[in-house]
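Chemist: If it helps, the file is called data21.cif and holds mmCIF, C-alpha atoms:
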data_start
loop_
_atom_site.group_PDB
_atom_site.id
_atom_site.type_symbol
_atom_site.label_atom_id
_atom_site.label_comp_id
_atom_site.auth_asym_id
_atom_site.auth_seq_id
_atom_site.Cartn_x
_atom_site.Cartn_y
_atom_site.Cartn_z
ATOM 1 C CA MET A 1 -16.893 16.385 -2.246
ATOM 2 C CA HIS A 2 -15.859 18.596 0.653
ATOM 3 C CA GLU A 3 -14.226 15.673 2.431
ATOM 4 C CA MET A 4 -12.250 14.838 -0.700
ATOM 5 C CA LEU A 5 -10.920 18.405 -0.940
ATOM 6 C CA PHE A 6 -10.073 18.352 2.744
ATOM 7 C CA ARG A 7 -8.123 15.085 2.325
ATOM 8 C CA GLU A 8 -6.319 16.403 -0.743
ATOM 9 C CA ALA A 9 -5.337 19.583 1.082
ATOM 10 C CA HIS A 10 -3.826 17.519 3.889
ATOM 11 C CA LYS A 11 -2.081 14.932 1.688
ATOM 12 C CA GLY A 12 0.837 16.753 0.152
ATOM 13 C CA GLY A 13 3.945 18.129 1.806
ATOM 14 C CA LEU A 14 3.510 19.997 5.058
ATOM 15 C CA MET A 15 -0.244 20.466 4.676
ATOM 16 C CA ARG A 16 -0.993 17.489 6.885
ATOM 17 C CA TYR A 17 0.339 19.437 9.878
ATOM 18 C CA PHE A 18 -1.671 22.609 9.332
ATOM 19 C CA LYS A 19 -4.796 23.496 11.256
ATOM 20 C CA VAL A 20 -8.156 24.603 9.856
ATOM 21 C CA ALA A 21 -7.101 28.218 9.222
ATOM 22 C CA LYS A 22 -4.144 27.340 6.997
ATOM 23 C CA THR A 23 -6.149 24.670 5.165
ATOM 24 C CA LEU A 24 -8.893 27.238 4.523
ATOM 25 C CA ASP A 25 -6.341 29.706 3.155
ATOM 26 C CA VAL A 26 -5.065 27.120 0.697
ATOM 27 C CA LEU A 27 -8.578 26.051 -0.341
ATOM 28 C CA HIS A 28 -9.754 29.677 -0.741
ATOM 29 C CA GLU A 29 -7.102 30.143 -3.421
ATOM 30 C CA HIS A 30 -8.900 27.618 -5.642
ATOM 31 C CA PHE A 31 -12.414 26.954 -4.313
ATOM 32 C CA TYR A 32 -15.450 28.596 -2.764
ATOM 33 C CA TRP A 33 -18.757 27.311 -1.452
ATOM 34 C CA PRO A 34 -21.157 28.548 1.233
ATOM 35 C CA LYS A 35 -20.283 27.406 4.771
ATOM 36 C CA ILE A 36 -16.765 26.367 3.732
ATOM 37 C CA LYS A 37 -15.379 27.155 7.187
ATOM 38 C CA ARG A 38 -18.014 25.027 8.966
ATOM 39 C CA ASN A 39 -17.420 22.102 6.578
ATOM 40 C CA MET A 40 -13.653 22.258 7.064
ATOM 41 C CA GLN A 41 -13.976 22.475 10.854
ATOM 42 C CA ARG A 42 -16.304 19.450 10.901
ATOM 43 C CA ASN A 43 -13.961 17.428 8.693
ATOM 44 C CA TYR A 44 -10.945 18.461 10.716
ATOM 45 C CA ASP A 45 -12.661 17.402 13.960
ATOM 46 C CA ARG A 46 -13.532 14.014 12.442
ATOM 47 C CA PHE A 47 -9.968 13.602 11.218
ATOM 48 C CA LEU A 48 -8.553 14.434 14.666
ATOM 49 C CA THR A 49 -10.965 12.029 16.384
ATOM 50 C CA TYR A 50 -10.045 9.276 13.921
ATOM 51 C CA ARG A 51 -6.317 9.738 14.547
ATOM 52 C CA GLN A 52 -6.754 9.739 18.333
ATOM 53 C CA VAL A 53 -8.944 6.618 18.331
ATOM 54 C CA LYS A 54 -6.694 4.816 15.862
ATOM 55 C CA SER A 55 -3.567 5.437 17.926
ATOM 56 C CA LYS A 56 -5.193 4.107 21.122
ATOM 57 C CA VAL A 57 -7.032 1.117 19.716
ATOM 58 C CA LEU A 58 -4.315 -0.383 17.520
ATOM 59 C CA SER A 59 -1.497 -1.247 19.871
ATOM 60 C CA HIS A 60 0.927 -3.174 17.718
ATOM 61 C CA GLY A 61 3.460 -4.025 20.363
ATOM 62 C CA LEU A 62 7.102 -4.498 19.535
ATOM 63 C CA TYR A 63 8.126 -5.501 16.052
ATOM 64 C CA THR A 64 10.354 -8.519 15.720
ATOM 65 C CA LEU A 65 13.032 -8.584 13.081
ATOM 66 C CA LEU A 66 13.028 -11.269 10.443
ATOM 67 C CA PRO A 67 15.904 -13.724 10.695
ATOM 68 C CA VAL A 68 18.843 -12.885 8.439
ATOM 69 C CA PRO A 69 19.086 -15.434 5.612
ATOM 70 C CA LYS A 70 22.367 -17.300 5.217
ATOM 71 C CA LYS A 71 21.924 -18.599 1.644
ATOM 72 C CA ALA A 72 20.231 -17.439 -1.533
ATOM 73 C CA TRP A 73 16.689 -18.615 -2.325
ATOM 74 C CA VAL A 74 16.168 -20.308 1.032
ATOM 75 C CA ASP A 75 14.119 -17.452 2.513
ATOM 76 C CA ILE A 76 11.910 -15.474 0.145
ATOM 77 C CA SER A 77 9.179 -12.873 0.263
ATOM 78 C CA MET A 78 6.163 -12.664 -2.016
ATOM 79 C CA ASP A 79 3.721 -9.904 -2.869
ATOM 80 C CA PHE A 80 1.107 -9.066 -5.474
ATOM 81 C CA VAL A 81 0.956 -5.881 -7.551
ATOM 82 C CA VAL A 82 -2.446 -5.300 -9.059
ATOM 83 C CA ARG A 83 -4.028 -3.255 -11.814
ATOM 84 C CA LEU A 84 -1.325 -2.368 -14.287
ATOM 85 C CA SER A 85 -2.467 -0.271 -17.205
ATOM 86 C CA GLY A 86 -2.732 -1.799 -20.642
ATOM 87 C CA PRO A 87 -5.142 -3.618 -22.917
ATOM 88 C CA LYS A 88 -7.879 -5.531 -21.093
ATOM 89 C CA ARG A 89 -6.884 -8.892 -22.555
ATOM 90 C CA CYS A 90 -3.280 -8.598 -21.318
ATOM 91 C CA ARG A 91 -1.897 -9.889 -18.076
ATOM 92 C CA ASP A 92 -2.381 -6.879 -15.847
ATOM 93 C CA PHE A 93 -1.347 -8.238 -12.455
ATOM 94 C CA VAL A 94 2.179 -9.037 -11.216
ATOM 95 C CA PHE A 95 3.274 -11.668 -8.708
ATOM 96 C CA VAL A 96 6.580 -10.524 -7.157
ATOM 97 C CA VAL A 97 8.985 -13.005 -5.540
ATOM 98 C CA VAL A 98 12.136 -11.630 -3.872
ATOM 99 C CA ASP A 99 15.082 -13.570 -2.468
ATOM 100 C CA ARG A 100 15.764 -12.037 0.940
ATOM 101 C CA PHE A 101 19.493 -12.861 0.799
ATOM 102 C CA SER A 102 20.504 -11.517 -2.619
ATOM 103 C CA LYS A 103 17.507 -9.166 -3.149
ATOM 104 C CA ILE A 104 17.001 -10.635 -6.624
ATOM 105 C CA ALA A 105 13.386 -10.263 -7.700
ATOM 106 C CA HIS A 106 11.244 -12.182 -10.155
ATOM 107 C CA PHE A 107 8.205 -10.449 -11.633
ATOM 108 C CA ILE A 108 5.619 -12.942 -12.852
ATOM 109 C CA SER A 109 2.619 -11.580 -14.740
ATOM 110 C CA TYR A 110 -0.787 -13.207 -14.450
ATOM 111 C CA TYR A 111 -4.432 -12.618 -15.328
ATOM 112 C CA LYS A 112 -6.999 -11.198 -12.934
ATOM 113 C CA THR A 113 -9.048 -14.364 -13.344
ATOM 114 C CA ASP A 114 -6.212 -16.678 -12.222
ATOM 115 C CA ASP A 115 -7.035 -18.528 -9.016
ATOM 116 C CA ALA A 116 -4.733 -19.815 -6.256
ATOM 117 C CA THR A 117 -4.004 -23.016 -8.179
ATOM 118 C CA ASN A 118 -2.774 -21.056 -11.196
ATOM 119 C CA ILE A 119 -0.621 -18.791 -9.002
ATOM 120 C CA ALA A 120 0.878 -21.847 -7.267
ATOM 121 C CA ASN A 121 1.653 -23.375 -10.664
ATOM 122 C CA LEU A 122 3.341 -20.135 -11.732
ATOM 123 C CA PHE A 123 5.421 -20.232 -8.536
ATOM 124 C CA PHE A 124 6.620 -23.767 -9.251
ATOM 125 C CA ILE A 125 7.292 -23.057 -12.934
ATOM 126 C CA GLU A 126 9.150 -19.777 -12.372
ATOM 127 C CA ILE A 127 10.773 -20.134 -8.932
ATOM 128 C CA ALA A 128 10.860 -23.691 -7.554
ATOM 129 C CA ARG A 129 12.057 -25.075 -10.896
ATOM 130 C CA LEU A 130 15.090 -22.764 -10.793
ATOM 131 C CA TYR A 131 15.930 -22.582 -7.084
ATOM 132 C CA GLY A 132 14.032 -25.356 -5.316
ATOM 133 C CA VAL A 133 11.342 -25.002 -2.678
ATOM 134 C CA PRO A 134 12.267 -22.318 -0.105
ATOM 135 C CA ARG A 135 12.451 -22.968 3.623
ATOM 136 C CA SER A 136 10.412 -19.871 4.512
ATOM 137 C CA ILE A 137 8.073 -17.538 2.678
ATOM 138 C CA PHE A 138 7.114 -14.093 4.010
ATOM 139 C CA PHE A 139 4.205 -12.051 2.691
#
Please re-express this file's structure in structure tokens.
Modeler:
Amino acid sequence: MHEMLFREAHKGGLMRYFKVAKTLDVLHEHFYWPKIKRNMQRNYDRFLTYRQVKSKVLSHGLYTLLPVPKKAWVDISMDFVVRLSGPKRCRDFVFVVVDRFSKIAHFISYYKTDDATNIANLFFIEIARLYGVPRSIFF
């Protein structure tokens, strides 16, 4: 519970840059529990250690730009949006296909229980039927 409050206090706006004292001031406006200062200091130390380790371990190197497409629907990107709200029997997931040249997007709804074969069939019914099979697909 304390860790959740600590994360929430650091999430919004400028709070993520404040130290323990400022975070405690904000939390004292709404909450109190014994040893609040010790809990916040411990969480802050863990958070700082995590950020330092993460920045050293994950060296991503240089990013390379994607090639600029020259025609529509030759180079596309695909992504999946999950857990839309609505009745349980409705299609609550969305398969998004975007043409990288024109930025036109297709939003294809599907069921949580659909497997890769069903998603591939949806791709051919909704995209390949209209535009042909693309040269490249980025996820």
Chemist: Applied to the shown file, which residues does the PyMOL selection byres ((chain A and resi 96) around 7) return, written as a ChimeraX atom specification?
Modeler: /A:78-80,94-95,97-98,105-108
Chemist: Quick check, in Å to one decimal: how far apart do CA of Asp114 in chain A and CA of Trp73 in chain A lie?
Modeler: 25.0 Å
Chemist: Hey, what's within 8 Å of Lys112 in chain A if we count only C-alpha atoms and toss same-chain stuff fewer than 3 positions away? As a compact mmCIF listing (two decimals) with C-alpha atoms, keeping the file's coordinate frame, please?
Modeler:
# COMPACT_ATOMS: atom_id res chain seq x y z
CA ARG A 91 -1.90 -9.89 -18.08
CA ASP A 92 -2.38 -6.88 -15.85
CA PHE A 93 -1.35 -8.24 -12.46
Chemist: Between A:Ala72, A:Leu66, A:Ala116, A:Val26, which has the minimum distance to Leu130 in chain A (counting only C-alpha atoms)?
Modeler: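 Closest to Leu130 in chain A of all the choices is A:Ala72.
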Chemist: Please compute the CA of Asn121 in chain A-CA of Leu84 in chain A distance, one decimal, in Å.
Modeler: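 Between these atoms lies a distance of 21.5 Å.
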Chemist: CA of Pro134 in chain A and CA of Asp99 in chain A, how far apart in Å?
Modeler: 9.5 Å
Chemist: Convert the output of the PyMOL selection byres ((chain A and resi 67) around 12) on the shown file into explicit residues, formatted as an MDAnalysis selection string.
Modeler: chainID A and resid 64:66 68:71 74:76 100:101 136:138
Chemist: Nearest to Thr113 in chain A among A:Arg46, A:Asn39, A:Lys22, A:Cys90, with distances taken over all atoms listed in the file: which residue is it?
Modeler: A:Cys90
Chemist: Point out the residue among A:Arg135, A:Arg42, A:Arg129, A:Lys37 with the least atom-to-atom distance to Ala21 in chain A, counting only C-alpha atoms.
Modeler: A:Lys37
